[in-house]
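Below is one structure, written out as structure tokens; the observations come after it.
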Amino acid sequence: MSRIVLVSNRVADLSKASQAGGVAVAIADTLRARKGLWLGWNGRIGDRSEELNAKPALAEFDGTTVATLALSSREHDDYYTGYSNNVLWPVFHSRLDIAQFEAGYYQRYLDVNKRFAQALRPLLKPDDIIWVHDYHMIPLGMELRALGVTNPIGFFLHIPVPPAQTFLAIPEHRELARGLASYDLIGLQTKVDVGNLIDYLQDGVFGRILQDGRIRAFDRELSIASFPVGIDVDSFIGSRPKRGREAPTATTRLLGVDRLDYTKGLPQKFRAFGRFLEKYPDYRRKVILSQIAPPTRETMVAYTDIKHELETLSGSINGRYGELDWVPIQYIHRATPRKMLVDVYRNSRVGFVTPLRDGMNLVAKEYVAAQDPGDPGVLILSRFAGAAEQMKEALIVNPYDVEEMAKSIKVALEMGLTERQERHQALLDSVRSNSTYDWCRSFLNALESVGRRSTLAIPT
Ligand code: ADQ
């Protein structure tokens with residue numbers, strides 16, 4: 001079996017991966033089983049000399065080699081904050097209005113990818129299979145090809161692909177497409193993303209669909225397919241306590257768990273809850289919305305803006321409807337230990353997941369996995385989360401439609417036991433049949449098979 005070489009912006013702390021949960025655990029387990037190598041940024045921001053340093057620090061953990069590099073503060077500003085998070089993140093989430101197309105960002109983004117490729121080159125063995133992750137690393141495959149690497153290289157994008165017209169607005173879209181064409185396999189979260197990328201490659205850079213379904217672009221052939229990310233269902237079932245017996249009048253919780261990001265539709269969720277309280281006054285004092293929203297990317301303006309907007313909104317809804325013994329919105333702007341999260345999922349009558357755009361959204365799947373099958377809660381899910389493609393038995397909503405969301409809160413709270421059980425069973429079956437381990441396995445199997453017949457050329 002070939003060794004797996006994984007490259008991503010950050011390397012997870014393998015000694016703590018099992019606590020961090022999510023995708024990192026399955027990746028760490030796969031790397032351990034295949035005596036793998038993981039290259040990424042060590043999270044440190046160093047001085048300018050770090051920019052020139054092509055040699056990664058090497059460490060071994062349980063059979064996996066971890067190779068890390070630091071970023072200089074200029075690289076951090078332009079490659080990470082600038083191009084990755086102020087251009088690609090907003091545009092790929094269809095937020096052209098807040099993208100910051102600044103001169104210099106793309107060049108440094110490319111330079112960092114070049115440096116990562118140079119650091120990786122001497123560590124590679126002829127039989128390695130290389131798996132590159134996410135939007136920070138789009139040009140990495142191209143840089144490896146330029147250094148003569150002929151191994152199979154796959155790329156997985158965790159975020160959505162925007163429609164072709166939006167992709168075309170990125171000044172460097174052609175360069176990004178050339179980077180994408182360097183891979184043998186591109187994995188995306190959904191079929192919609194696959195359609196969007198193929199549309200873009202056809203319209204934007206004149207790619208062609210071949211008879212075998214592969215795409216020809218920049219004189220290379222590549223495969224594009226959806227590999228929806230899943231969760232490890234059992235880790236959410238584990239030692240969960242029984243849902244507390246709730247008297248009919250006891251407070252019932254709607255739960256939101258999202259990084260505090262403008263893509264997650266948090267103001268829309270708060271507004272819908274406010275509208276629900278206005279429209280259905282009988283529910284006042286009986287329902288709360290608990291929103292756990294740990295901070296992320298705090299130095300960026302778009303993130304401080306959304307934080308202020310949420311503070312204002314929750315303050316105004318709580319001020320308008322709250323009582324001395326009932327605060328409608330419980331808003332927690334901190335990370336929560338994973339173990340506690342599982343209990344909160346289980347003790348919430350409704351999982352309320354309303355992103356405006358989301359690659360997948362693992363919280364929706366985690367909420368389902370944590371429910372008591374005998375008395376499950378109801379999932380309200382935005383149609384714009386990648387997860388909606390698989391989770392059709394959720395109450396699917398349009399997060400821009402406040403009225404519809406307010407009504408669906410009522411529907412969720414009033415849903416009878418039989419319907420809740422039927423919907424939950426179907427959702428649980430779908431989540432269970434597509435775990436993170438299945439995701440890792442199916443991507444790597446596909447990469448191994450397409451890699452074998454690849455032309456392995458450099459994109460022209
Ligand atoms: P994210 O945008 O981070 O991921 P999501 O898929 O919901 O979004 O994953 C968040 C993870 O963080 C979940 O496992 C959740 O349990 C955890 N988490 C959230 N809030 C937490 C808190 N307060 N305390 C502890 N843990 C918390 C990106 C893409 C998604 C895609 C994933 C995986 O944006 O669309 O689903 O990658 O590919």
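Note on naming: chains are A, B, ... as they come in the structure tokens, residues start from 1 per chain, ligands start from 1 in the order shown.
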Residues flagged helix (DSSP H, G or I) by DSSP in region 124-354 of chain A, as a VMD selection string: chain A and resid 135 to 137 140 to 146 164 to 167 173 to 180 191 to 205 234 to 237 262 to 264 266 to 279 281 to 283 301 to 321 338 to 346
Members of region 55-244 of chain A assigned strand (DSSP E) by DSSP, as number ranges by chain: A: 57-61, 64-72, 129-133, 153-156, 185-188, 208-209, 215-217, 220-226
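For the pair CA of Lys35 (chain A) and CA of Phe443 (chain A), the separation is 17.7 Å.
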Taking only C-alpha atoms and all ligand atoms into account, list the residues no farther than 7 Å from ligand 1, as a compact mmCIF listing (two decimals) with C-alpha atoms, in the first residue's frame.
```
# COMPACT_ATOMS: atom_id res chain seq x y z
CA GLY A 21 -12.72 15.59 16.88
CA GLY A 22 -14.13 16.23 13.45
CA VAL A 23 -12.28 15.46 10.29
CA HIS A 158 -13.96 21.79 2.12
CA ILE A 159 -15.86 24.94 1.11
CA VAL A 229 -17.54 14.85 4.46
CA VAL A 257 -23.47 25.83 17.22
CA ASP A 258 -21.41 27.70 14.65
CA ARG A 259 -18.07 29.45 14.41
CA ILE A 292 -22.80 28.84 20.88
CA ALA A 293 -20.53 30.83 18.57
CA PRO A 294 -16.80 30.55 19.28
CA ARG A 334 -16.67 30.98 23.52
CA ALA A 335 -15.46 27.51 22.47
CA THR A 336 -17.14 24.68 24.34
CA PRO A 337 -15.52 21.36 25.32
CA ARG A 338 -16.56 18.68 22.86
CA LEU A 341 -21.34 19.87 23.15
CA ASP A 358 -21.67 26.16 3.71
CA GLY A 359 -19.47 23.46 2.18
CA MET A 360 -21.09 20.71 4.25
CA ASN A 361 -21.89 21.67 7.89
CA LEU A 362 -20.93 18.94 10.31
CA VAL A 363 -22.98 20.40 13.16
CA GLU A 366 -23.53 15.81 14.87
CA GLY A 386 -23.98 21.15 1.54
```
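For Arg216 (chain A), the list of residues within 10 Å, based on only C-alpha atoms and with local chain neighbours fewer than 6 positions off taken out, reads Ala181, Leu201, Gln202, Phe206, Gly207, Arg208, Ile209, Leu210, Leu222 and Ser223 of chain A.
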Within 6 Å of Phe156 (chain A) using only C-alpha atoms, minus same-chain residues under 3 positions, as a ChimeraX atom specification: /A:133-134,186-187
Exercise: Trp38 (chain A) partners within 12 Å, only C-alpha atoms, chain neighbours under 5 positions left out, as a PyMOL selection string: chain A and resi 3-14+24+27-28+30-32+56-61+63-69+116+119-120+123-124+129-133
Kindly save the residues from that selection, with C-alpha atoms included, as a CSV table (one decimal), in the first residue's frame.
```
chain,number,residue,atom,x,y,z
A,3,ARG,CA,2.2,6.0,1.8
A,4,ILE,CA,-0.2,8.9,2.1
A,5,VAL,CA,1.2,12.4,2.1
A,6,LEU,CA,-1.2,15.0,3.3
A,7,VAL,CA,-0.8,18.8,3.0
A,8,SER,CA,-3.0,21.4,4.5
A,9,ASN,CA,-2.6,24.9,5.8
A,10,ARG,CA,-2.5,23.8,9.5
A,11,VAL,CA,-1.4,20.5,10.9
A,12,ALA,CA,-3.6,19.1,13.7
A,13,ASP,CA,-1.9,18.4,17.0
A,14,LEU,CA,-1.9,14.6,16.7
A,24,ALA,CA,-8.9,15.5,12.0
A,27,ILE,CA,-7.2,11.8,8.9
A,28,ALA,CA,-4.9,11.1,11.8
A,30,THR,CA,-5.6,7.1,8.2
A,31,LEU,CA,-2.1,8.5,8.3
A,32,ARG,CA,-1.2,6.3,11.2
A,56,PRO,CA,10.4,21.9,7.6
A,57,ALA,CA,10.8,20.8,11.2
A,58,LEU,CA,10.2,17.0,11.4
A,59,ALA,CA,8.7,15.1,14.2
A,60,GLU,CA,7.3,11.6,14.6
A,61,PHE,CA,4.0,10.8,16.3
A,63,GLY,CA,4.1,6.3,13.1
A,64,THR,CA,3.1,9.5,11.4
A,65,THR,CA,5.8,12.0,10.3
A,66,VAL,CA,4.7,15.6,10.9
A,67,ALA,CA,6.6,18.3,8.9
A,68,THR,CA,5.9,21.9,9.8
A,69,LEU,CA,6.9,25.3,8.6
A,116,PHE,CA,5.5,24.4,0.8
A,119,ALA,CA,9.8,21.8,1.5
A,120,LEU,CA,7.8,18.7,0.5
A,123,LEU,CA,10.6,14.2,1.5
A,124,LEU,CA,8.6,12.4,-1.2
A,129,ILE,CA,0.0,9.4,-2.9
A,130,ILE,CA,-0.4,13.1,-2.2
A,131,TRP,CA,-3.6,14.6,-0.8
A,132,VAL,CA,-3.9,18.4,-0.6
A,133,HIS,CA,-6.6,20.1,1.4
```
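If you measure from each of A:Asn85, A:Ile409, A:Val402, A:Met391 to Glu298 (chain A) using only C-alpha atoms, the closest one turns out to be A:Asn85.
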Residue contacts of His93 (chain A) (12 Å, only C-alpha atoms) excluding same-chain residues fewer than 2 positions away, as a ChimeraX atom specification: /A:85-91,95-99,135,158-163,166-167,193,261-265,355-360,384-386
What does the file look like for those residues with C-alpha atoms, as a tab-separated table (two decimals), in the first residue's frame?
```
chain	number	residue	atom	x	y	z
A	85	ASN	CA	-9.54	34.55	3.99
A	86	ASN	CA	-10.29	37.93	2.42
A	87	VAL	CA	-10.55	36.74	-1.19
A	88	LEU	CA	-11.14	33.01	-1.58
A	89	TRP	CA	-13.29	32.44	1.53
A	90	PRO	CA	-15.82	35.22	0.75
A	91	VAL	CA	-15.91	34.63	-3.03
A	95	ARG	CA	-19.83	37.12	-0.99
A	96	LEU	CA	-18.13	39.12	-3.74
A	97	ASP	CA	-19.28	42.28	-1.97
A	98	ILE	CA	-16.80	41.82	0.89
A	99	ALA	CA	-13.87	40.32	-1.04
A	135	TYR	CA	-8.55	26.66	-0.48
A	158	HIS	CA	-13.96	21.79	2.12
A	159	ILE	CA	-15.86	24.94	1.11
A	160	PRO	CA	-18.41	25.43	-1.70
A	161	VAL	CA	-17.59	26.19	-5.32
A	162	PRO	CA	-19.42	29.37	-6.42
A	163	PRO	CA	-21.38	29.63	-9.68
A	166	THR	CA	-18.85	34.52	-9.47
A	167	PHE	CA	-15.67	32.46	-9.92
A	193	ASP	CA	-20.24	22.07	-6.40
A	261	ASP	CA	-18.64	33.56	10.71
A	262	TYR	CA	-20.68	35.75	8.35
A	263	THR	CA	-21.43	32.68	6.22
A	264	LYS	CA	-23.34	30.92	8.99
A	265	GLY	CA	-26.54	33.00	8.79
A	355	PRO	CA	-25.91	29.02	6.92
A	356	LEU	CA	-26.25	31.29	3.89
A	357	ARG	CA	-23.67	29.07	2.24
A	358	ASP	CA	-21.67	26.16	3.71
A	359	GLY	CA	-19.47	23.46	2.18
A	360	MET	CA	-21.09	20.71	4.25
A	384	PHE	CA	-27.67	26.27	1.27
A	385	ALA	CA	-25.66	23.94	3.53
A	386	GLY	CA	-23.98	21.15	1.54
```
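Minimum atom-to-atom distances from A:Leu260, A:Val368, A:Met142, A:Val194 to Ala302 (chain A) were compared using only C-alpha atoms, and the lowest value belongs to A:Leu260.
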Residues within 8 Å of Glu323 (chain A), only C-alpha atoms, excluding chain neighbours under 3 positions, as a list in words: Arg285, Trp326 and Val327 of chain A
Which of A:Lys279, A:Lys125, A:Lys286, A:Arg34 sits closest to Arg441 (chain A) [using only C-alpha atoms]: A:Arg34
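Closest approach to Val431 (chain A) from the set A:Asn398, A:Val233, A:Leu444, A:Ser226 is made by A:Val233, with distances taken over only C-alpha atoms.
Closest approach to Val350 (chain A) from the set A:Glu414, A:Glu311, A:Glu389, A:Glu221 is made by A:Glu414, with distances taken over only C-alpha atoms.
The shortest atom-to-atom distance to Ile332 (chain A), with only C-alpha atoms taken into account, belongs to A:Lys307 out of A:Arg349, A:Lys307, A:Arg432, A:Arg220.
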Pairwise distance for CA of His76 (chain A) and CA of Gly43 (chain A), rounded to one decimal in Å: 9.8 Å
